[in-house]
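What follows is a single structure, written as structure tokens, with notes after it.
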Amino acid sequence: MDFKTILFYMLSAVMIFAAFRVITARNPVHAALFLVLAFFQASGLWLLLQAEFLAVALIVVYVGAVMVLFLFVVMMLDINIESVRRGFWNHLPLGATIGGLMVFEMFAVLSGRYFGLDAMPQQTNPVGYSNTKELGRLLFTDFAYPFELASVILLVAIIAAVVLTHRKRKDSKVMRVVDQLAVRREDRIRMVNMPSEKETAE
């Protein structure tokens with residue numbers, strides 16, 4: 001078993017564990033950290049498959065936007081920010097462990113000892129071949145229906161998120177149109193008769 005196979009199994013095992021912890025962690029901070037870890041493992045798997053564009057896009061788009069996802073979860077669940085800040089040092093060991101694991105994997109992939117030009121397989125693609133162009137061609141030809149299905153699922157997720165954020169809350173203040181139309185002049189206006197006073201010269 002060569003080093004690439006060992007690295008593949010290691011990335012896959014860590015990714016499965018991180019994905020499982022994303023849906024089982026009770027703390028949203030821990031879930032977001034495990035989500036970042038899962039994205040990094042998936043990016044490493046794409047690098048092993050020589051799909052550099054997908055690996056970079058996964059890091060830039062998803063890992064770069066995971067904090068926005070975390071903020072959305074915090075706003076939707078109405079979490080007390082002060083209590084989260086007070087527990088910063090409680091989350092530090094988990095964050096340091098995940099960060100150290102990602103640094104180790106990046107060093108193993110980018111060191112060049114096992115992933116240099118000599119370790120790469122022989123080039124079988126023609127000159128000028130672009131995996132990004134080939135990916136776009138496959139998405140809109142052979143995998144057009146799964147691509148559209150993923151778009152529909154994302155649309156349903158967006159609608160569900162909007163519905164959840166606009167749920168009825170007890171502390172929300174709204175104006176009832178019926179009460180506004182039922183207002184009478186006598187209930188809102190009071191006429192006060194005050195005699196005028198003349199200013200006396202000093």
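Going by the structure tokens order, chains are called A, B, ..., each with residues numbered from 1, while ligands are numbered from 1 in the order shown.
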>> Can you tell me which residues surround Thr5 of chain A at a distance of at most 12 Å, considering only C-alpha atoms, apart from same-chain residues fewer than 6 positions away, and format the answer as a PyMOL selection string?
In response: chain A and resi 11-12+45+48-49+114
>> I want to know what sits within 10 Å of Leu54 of chain A, based on only C-alpha atoms, with residues of the same chain fewer than 5 positions away left out; could you give that as a list of chain:residue names?
In response: A:Ala42, A:Ser43, A:Leu45, A:Trp46, A:Leu47, A:Leu49, A:Ile59, A:Val60, A:Asn131, A:Thr132, A:Leu135
May I have the selected residues written with N, CA and C atoms, as a tab-separated table (two decimals), in the first residue's frame?
chain	number	residue	atom	x	y	z
A	42	ALA	N	-12.55	16.89	1.95
A	42	ALA	CA	-13.06	16.73	0.58
A	42	ALA	C	-12.12	17.41	-0.43
A	43	SER	N	-11.57	18.56	-0.05
A	43	SER	CA	-10.61	19.23	-0.93
A	43	SER	C	-9.36	18.39	-1.14
A	45	LEU	N	-9.25	15.14	-1.09
A	45	LEU	CA	-9.63	14.04	-1.99
A	45	LEU	C	-9.67	14.51	-3.44
A	46	TRP	N	-10.13	15.73	-3.67
A	46	TRP	CA	-10.13	16.26	-5.04
A	46	TRP	C	-8.71	16.44	-5.55
A	47	LEU	N	-7.79	16.84	-4.66
A	47	LEU	CA	-6.40	16.96	-5.08
A	47	LEU	C	-5.80	15.61	-5.46
A	49	LEU	N	-7.38	13.27	-6.83
A	49	LEU	CA	-7.95	12.94	-8.14
A	49	LEU	C	-7.49	13.89	-9.24
A	59	ILE	N	-12.41	25.14	-1.18
A	59	ILE	CA	-11.80	25.90	-0.09
A	59	ILE	C	-12.28	27.35	-0.11
A	60	VAL	N	-12.23	27.97	-1.30
A	60	VAL	CA	-12.55	29.40	-1.40
A	60	VAL	C	-14.02	29.65	-1.16
A	131	ASN	N	-9.29	20.46	-17.28
A	131	ASN	CA	-10.29	19.72	-16.50
A	131	ASN	C	-11.47	20.59	-16.11
A	132	THR	N	-11.26	21.90	-16.01
A	132	THR	CA	-12.37	22.81	-15.72
A	132	THR	C	-13.37	22.84	-16.88
A	135	LEU	N	-15.19	19.57	-16.91
A	135	LEU	CA	-16.19	19.52	-15.85
A	135	LEU	C	-17.46	20.26	-16.26
